[in-house]
$ cat data_26.cif   # mmCIF, C-alpha atoms and all ligand atoms
data_entry
loop_
_atom_site.label_atom_id
_atom_site.label_comp_id
_atom_site.auth_asym_id
_atom_site.auth_seq_id
_atom_site.Cartn_x
_atom_site.Cartn_y
_atom_site.Cartn_z
CA MET A 1 -19.64 21.07 10.71
CA SER A 2 -17.67 18.22 12.19
CA LYS A 3 -14.12 18.99 13.28
CA GLN A 4 -13.32 15.30 12.99
CA THR A 5 -13.03 13.23 9.89
CA LEU A 6 -16.54 12.32 8.83
CA ASN A 7 -17.75 8.84 9.51
CA LEU A 8 -18.91 7.98 6.01
CA SER A 9 -22.37 6.48 5.66
CA ASP A 10 -22.78 4.07 2.75
CA GLU A 11 -24.66 6.79 0.93
CA LEU A 12 -21.92 9.36 1.43
CA TYR A 13 -19.23 6.84 0.50
CA HIS A 14 -21.01 6.03 -2.75
CA TYR A 15 -21.51 9.71 -3.42
CA MET A 16 -17.77 10.26 -2.94
CA LEU A 17 -16.99 7.53 -5.45
CA SER A 18 -19.62 8.78 -7.87
CA VAL A 19 -18.08 12.25 -8.05
CA SER A 20 -14.40 11.35 -7.85
CA LEU A 21 -13.51 7.81 -8.85
CA ARG A 22 -11.67 7.50 -12.13
CA GLU A 23 -10.84 3.84 -12.45
CA SER A 24 -9.29 2.35 -15.56
CA ASP A 25 -11.13 -0.54 -17.25
CA GLU A 26 -8.38 -2.94 -16.14
CA LEU A 27 -8.53 -1.79 -12.51
CA LYS A 28 -12.28 -2.12 -12.48
CA ALA A 29 -12.20 -5.61 -13.98
CA LEU A 30 -9.50 -6.66 -11.49
CA ARG A 31 -11.49 -5.28 -8.58
CA ILE A 32 -14.61 -7.16 -9.68
CA GLU A 33 -12.70 -10.42 -10.21
CA THR A 34 -10.94 -10.12 -6.84
CA ALA A 35 -14.25 -9.48 -5.06
CA GLN A 36 -15.05 -13.18 -5.67
CA ASP A 37 -11.99 -14.25 -3.67
CA PRO A 38 -12.61 -15.17 -0.01
CA MET A 39 -9.68 -12.90 0.87
CA ALA A 40 -11.11 -9.98 -1.11
CA MET A 41 -10.91 -7.73 1.95
CA MET A 42 -7.16 -7.65 1.38
CA GLN A 43 -7.67 -5.59 -1.75
CA ILE A 44 -7.24 -1.86 -1.28
CA SER A 45 -10.28 0.31 -1.91
CA PRO A 46 -10.52 2.05 -5.29
CA GLU A 47 -10.31 5.54 -3.79
CA GLN A 48 -7.14 4.51 -1.97
CA GLY A 49 -5.69 3.19 -5.23
CA GLN A 50 -6.49 6.49 -6.89
CA PHE A 51 -4.94 8.43 -4.00
CA MET A 52 -1.73 6.42 -4.16
CA ALA A 53 -1.63 6.74 -7.95
CA LEU A 54 -1.88 10.51 -7.53
CA LEU A 55 0.98 10.54 -5.01
CA VAL A 56 3.17 8.52 -7.36
CA LYS A 57 2.40 10.92 -10.20
CA LEU A 58 2.88 14.00 -8.01
CA MET A 59 6.31 12.75 -6.98
CA SER A 60 7.22 11.60 -10.51
CA ALA A 61 8.22 8.41 -8.72
CA LYS A 62 10.46 6.17 -10.82
CA ASN A 63 11.60 3.57 -8.33
CA ILE A 64 8.78 2.07 -6.33
CA ILE A 65 8.66 -0.87 -3.98
CA GLU A 66 5.53 -2.64 -2.84
CA ILE A 67 5.40 -5.08 0.07
CA GLY A 68 2.31 -7.24 -0.31
CA THR A 69 0.96 -7.41 -3.86
CA PHE A 70 -2.06 -9.74 -3.50
CA THR A 71 -3.94 -9.65 -6.84
CA GLY A 72 -2.18 -6.51 -8.00
CA TYR A 73 -4.65 -3.63 -7.66
CA SER A 74 -2.25 -1.17 -6.01
CA SER A 75 0.69 -2.06 -8.26
CA LEU A 76 -1.52 -1.73 -11.34
CA ALA A 77 -2.82 1.65 -10.16
CA MET A 78 0.74 2.89 -9.56
CA ALA A 79 2.02 1.43 -12.83
CA GLN A 80 -0.73 3.15 -14.80
CA SER A 81 -0.11 6.54 -13.20
CA SER A 82 3.69 6.53 -13.36
CA GLY A 83 5.94 7.41 -16.27
CA ASP A 84 7.21 4.92 -18.87
CA ASP A 85 10.57 4.80 -17.14
CA ALA A 86 9.09 3.87 -13.75
CA HIS A 87 9.89 0.51 -12.21
CA ILE A 88 8.00 -1.25 -9.47
CA ILE A 89 9.42 -4.08 -7.39
CA ALA A 90 6.41 -6.04 -6.14
CA CYS A 91 7.00 -8.39 -3.21
CA ASP A 92 4.70 -11.25 -2.32
CA VAL A 93 4.88 -14.91 -1.37
CA ASN A 94 1.66 -16.15 -2.96
CA GLU A 95 1.86 -17.62 -6.44
CA GLU A 96 -1.89 -17.95 -6.93
CA TRP A 97 -2.83 -14.34 -6.10
CA THR A 98 0.06 -12.86 -8.01
CA SER A 99 -0.82 -14.93 -11.10
CA VAL A 100 -4.04 -12.87 -11.21
CA ALA A 101 -1.91 -9.72 -10.82
CA ARG A 102 0.38 -10.75 -13.69
CA ARG A 103 -2.59 -11.35 -15.98
CA TYR A 104 -3.93 -7.84 -15.38
CA TRP A 105 -0.49 -6.22 -15.68
CA GLN A 106 -0.22 -7.91 -19.07
CA GLN A 107 -3.70 -6.83 -20.16
CA ALA A 108 -2.99 -3.25 -19.15
CA GLY A 109 0.36 -3.24 -20.98
CA VAL A 110 2.38 -2.42 -17.87
CA ALA A 111 3.93 -5.83 -17.16
CA ASP A 112 7.46 -4.68 -18.10
CA LYS A 113 7.29 -1.95 -15.46
CA ILE A 114 6.67 -4.45 -12.67
CA ASP A 115 9.24 -6.86 -11.31
CA LEU A 116 7.48 -9.46 -9.15
CA ARG A 117 9.68 -11.01 -6.45
CA LEU A 118 8.08 -14.15 -5.06
CA ALA A 119 9.97 -14.49 -1.78
CA PRO A 120 9.67 -13.28 1.81
CA ALA A 121 9.79 -9.50 1.46
CA VAL A 122 12.42 -9.13 4.19
CA ASP A 123 14.78 -11.22 2.02
CA THR A 124 14.01 -9.14 -1.08
CA LEU A 125 14.58 -5.89 0.82
CA ASP A 126 17.83 -7.21 2.30
CA SER A 127 19.09 -8.21 -1.13
CA LEU A 128 18.28 -4.75 -2.50
CA LEU A 129 20.26 -3.21 0.37
CA GLU A 130 23.15 -5.61 -0.24
CA ASN A 131 23.11 -4.60 -3.90
CA GLY A 132 23.68 -0.95 -3.07
CA ARG A 133 20.13 0.29 -3.56
CA GLU A 134 20.13 2.30 -0.35
CA GLY A 135 18.55 5.73 -0.86
CA SER A 136 17.45 4.94 -4.41
CA PHE A 137 13.68 4.47 -4.15
CA ASP A 138 11.07 7.22 -4.31
CA PHE A 139 8.02 5.48 -2.96
CA ALA A 140 7.28 2.39 -0.86
CA PHE A 141 3.94 0.84 -0.03
CA ILE A 142 3.78 -1.51 2.96
CA ASP A 143 0.70 -3.75 3.04
CA ALA A 144 1.69 -7.26 4.10
CA ASP A 145 1.87 -9.30 7.33
CA LYS A 146 1.43 -6.84 10.16
CA THR A 147 3.87 -8.47 12.60
CA ASN A 148 6.69 -7.59 10.20
CA TYR A 149 5.65 -3.97 9.69
CA GLN A 150 8.47 -2.57 11.81
CA ALA A 151 11.07 -4.60 9.91
CA TYR A 152 9.59 -3.62 6.53
CA TYR A 153 9.50 0.01 7.57
CA GLU A 154 13.14 0.10 8.72
CA LYS A 155 14.35 -1.52 5.51
CA CYS A 156 12.16 0.69 3.31
CA LEU A 157 13.39 3.76 5.16
CA ALA A 158 16.95 2.78 4.27
CA LEU A 159 15.97 2.11 0.64
CA ILE A 160 14.14 5.37 -0.05
CA ARG A 161 15.82 8.69 -0.76
CA VAL A 162 15.44 11.80 1.37
CA GLY A 163 12.06 13.24 0.36
CA GLY A 164 10.83 9.78 -0.58
CA LEU A 165 7.59 8.48 0.86
CA ILE A 166 6.53 5.32 2.66
CA ALA A 167 2.80 4.57 2.70
CA VAL A 168 1.74 2.08 5.37
CA ASP A 169 -1.66 0.45 5.08
CA ASN A 170 -4.20 -0.73 7.67
CA VAL A 171 -2.90 1.43 10.49
CA LEU A 172 -6.40 1.75 11.99
CA TRP A 173 -6.97 -2.01 11.63
CA ASP A 174 -10.74 -1.85 11.47
CA GLY A 175 -10.81 0.05 14.76
CA SER A 176 -9.08 -2.72 16.74
CA VAL A 177 -6.24 -0.39 17.69
CA VAL A 178 -8.50 1.28 20.28
CA GLU A 179 -10.14 -1.89 21.59
CA PRO A 180 -8.04 -2.92 24.62
CA GLU A 181 -9.36 -6.50 24.58
CA LYS A 182 -7.88 -7.02 21.12
CA MET A 183 -4.46 -8.38 21.93
CA ASP A 184 -3.78 -10.59 18.90
CA ALA A 185 -0.33 -10.33 17.39
CA ASP A 186 -1.42 -8.26 14.37
CA THR A 187 -3.27 -5.65 16.43
CA VAL A 188 -0.43 -5.39 18.94
CA ALA A 189 2.10 -4.99 16.11
CA ILE A 190 0.10 -2.23 14.47
CA ARG A 191 -0.33 -0.37 17.78
CA GLN A 192 3.39 -0.62 18.47
CA PHE A 193 4.24 0.49 14.96
CA ASN A 194 1.93 3.52 15.17
CA GLU A 195 3.28 4.52 18.57
CA SER A 196 6.91 4.22 17.54
CA LEU A 197 6.32 6.20 14.36
CA ARG A 198 4.82 9.03 16.39
CA HIS A 199 8.28 9.73 17.84
CA ASP A 200 10.37 8.84 14.82
CA ASN A 201 12.22 12.03 13.94
CA ARG A 202 13.65 10.55 10.73
CA VAL A 203 10.32 11.17 9.00
CA ASP A 204 7.47 13.66 8.69
CA ILE A 205 4.15 11.86 9.02
CA SER A 206 0.46 12.09 8.37
CA LEU A 207 -2.07 9.39 9.19
CA VAL A 208 -4.66 9.68 6.45
CA PRO A 209 -7.98 8.12 7.52
CA ILE A 210 -8.73 6.78 4.06
CA ALA A 211 -10.08 3.22 3.92
CA ASP A 212 -8.48 1.33 6.85
CA GLY A 213 -5.99 4.11 7.59
CA LEU A 214 -2.91 4.92 5.52
CA THR A 215 0.09 6.52 7.20
CA LEU A 216 2.39 8.55 5.00
CA ALA A 217 5.96 8.91 6.22
CA MET A 218 8.36 11.14 4.30
CA LYS A 219 12.07 10.64 4.88
CA ILE A 220 13.72 13.87 6.01
CA CA B 1 -4.25 -3.61 3.24
#

$ encode --input "data_26.cif" --output "structure tokens"
Amino acid sequence: MSKQTLNLSDELYHYMLSVSLRESDELKALRIETAQDPMAMMQISPEQGQFMALLVKLMSAKNIIEIGTFTGYSSLAMAQSSGDDAHIIACDVNEEWTSVARRYWQQAGVADKIDLRLAPAVDTLDSLLENGREGSFDFAFIDADKTNYQAYYEKCLALIRVGGLIAVDNVLWDGSVVEPEKMDADTVAIRQFNESLRHDNRVDISLVPIADGLTLAMKI
């Protein structure tokens, strides 16, 4: 038996989905529609959506913030798994992608749980901090422009409560993090973020090798 995380073959990956994926009709339809978009690779995988939905439910998360909404798969998954009193602030700058998200939130009957903020996420996070929301969020999901990850993380860390969780996507960046010749700004930013988090004693961490790598950081 391998001591390392298994490298999933296509067959094993499809097996995993076949025995574990429980995707709502709306999530499935959204995933299929988004697959037609040239930027479809920005959509999280269904098993990652289900994992995050489980975390949100496990934590009974009520106040959630998402940085990078795209066409809304992750926010829809979290909205469907959270309680009626949950509230998600979804940050994005793209009107076209988030119009798809809005349509599916409506169809799924969760639109009133999601507050879309079309603005640079740093500005939205700063305004939440200015409005006294420090320490008031349970869960944050960071999945936007990689060069701002450190800034998003610091602001989310201030916004979440002790015991709250930050989930950071794409931390393995398709393997580029271990390819020394890859020195583009995104790869460098992700490497720096991962390395700084390693020594960040404000959080407990686990890098979960699901999809493109999802780091969980719990505020302590
Ligand atoms: Ca992502």

$ closest_residue --input "data_26.cif" --among "A:Lys146, A:Lys155, A:Lys3, A:Lys62" --to "Asp126 of chain A" --atoms "only C-alpha atoms"
A:Lys155

$ residues_near_ligand --input "data_26.cif" --ligand "ligand CA 1 (chain B)" --cutoff "10 Å" --atoms "all atoms listed in the file" --output "NGL selection string"
:A and (41-45 or 68-70 or 74 or 141-146 or 168-171 or 173 or 211-214)

$ closest_residue --input "data_26.cif" --among "A:Ala189, A:Leu55, A:Met39, A:Leu165" --to "Met218 of chain A" --atoms "only C-alpha atoms"
A:Leu165

$ atom_distance --input "data_26.cif" --atom1 "atom CA of Leu30 of chain A" --atom2 "atom CA of Leu17 of chain A"
17.1 Å

$ axis_aligned_box --input "data_26.cif" --around "segment 99-108 of chain A" --padding-each-side "5 Å" --output "lines of an AutoDock Vina configuration file"
center_x = -1.8
center_y = -9.1
center_z = -15.5
size_x = 14.4
size_y = 21.7
size_z = 19.3

$ residues_around --input "data_26.cif" --residues "Thr124 of chain A" --least-positions-apart "6" --cutoff "9 Å" --atoms "all atoms listed in the file" --output "list of chain:residue names"
A:Cys91, A:Arg117, A:Leu118

$ closest_residue --input "data_26.cif" --among "A:Thr98, A:Ser20, A:Ser176, A:Gln48" --to "Thr34 of chain A" --atoms "all atoms listed in the file"
A:Thr98

$ residues_around --input "data_26.cif" --residues "Leu21 of chain A" --least-positions-apart "4" --cutoff "9 Å" --atoms "only C-alpha atoms" --output "list in words"
Met16, Leu17, Pro46, Glu47 and Gln50 of chain A

$ closest_residue --input "data_26.cif" --among "A:Asn63, A:Gln106, A:Gln150, A:Thr71" --to "Arg191 of chain A" --atoms "all atoms listed in the file"
A:Gln150

$ residues_around --input "data_26.cif" --residues "Leu27 of chain A" --least-positions-apart "2" --cutoff "10 Å" --atoms "only C-alpha atoms" --output "tab-separated table (two decimals) with C-alpha atoms, keeping the file's coordinate frame"
chain	number	residue	atom	x	y	z
A	22	ARG	CA	-11.67	7.50	-12.13
A	23	GLU	CA	-10.84	3.84	-12.45
A	24	SER	CA	-9.29	2.35	-15.56
A	25	ASP	CA	-11.13	-0.54	-17.25
A	29	ALA	CA	-12.20	-5.61	-13.98
A	30	LEU	CA	-9.50	-6.66	-11.49
A	31	ARG	CA	-11.49	-5.28	-8.58
A	32	ILE	CA	-14.61	-7.16	-9.68
A	33	GLU	CA	-12.70	-10.42	-10.21
A	46	PRO	CA	-10.52	2.05	-5.29
A	49	GLY	CA	-5.69	3.19	-5.23
A	72	GLY	CA	-2.18	-6.51	-8.00
A	73	TYR	CA	-4.65	-3.63	-7.66
A	74	SER	CA	-2.25	-1.17	-6.01
A	76	LEU	CA	-1.52	-1.73	-11.34
A	77	ALA	CA	-2.82	1.65	-10.16
A	80	GLN	CA	-0.73	3.15	-14.80
A	104	TYR	CA	-3.93	-7.84	-15.38
A	105	TRP	CA	-0.49	-6.22	-15.68
A	108	ALA	CA	-2.99	-3.25	-19.15
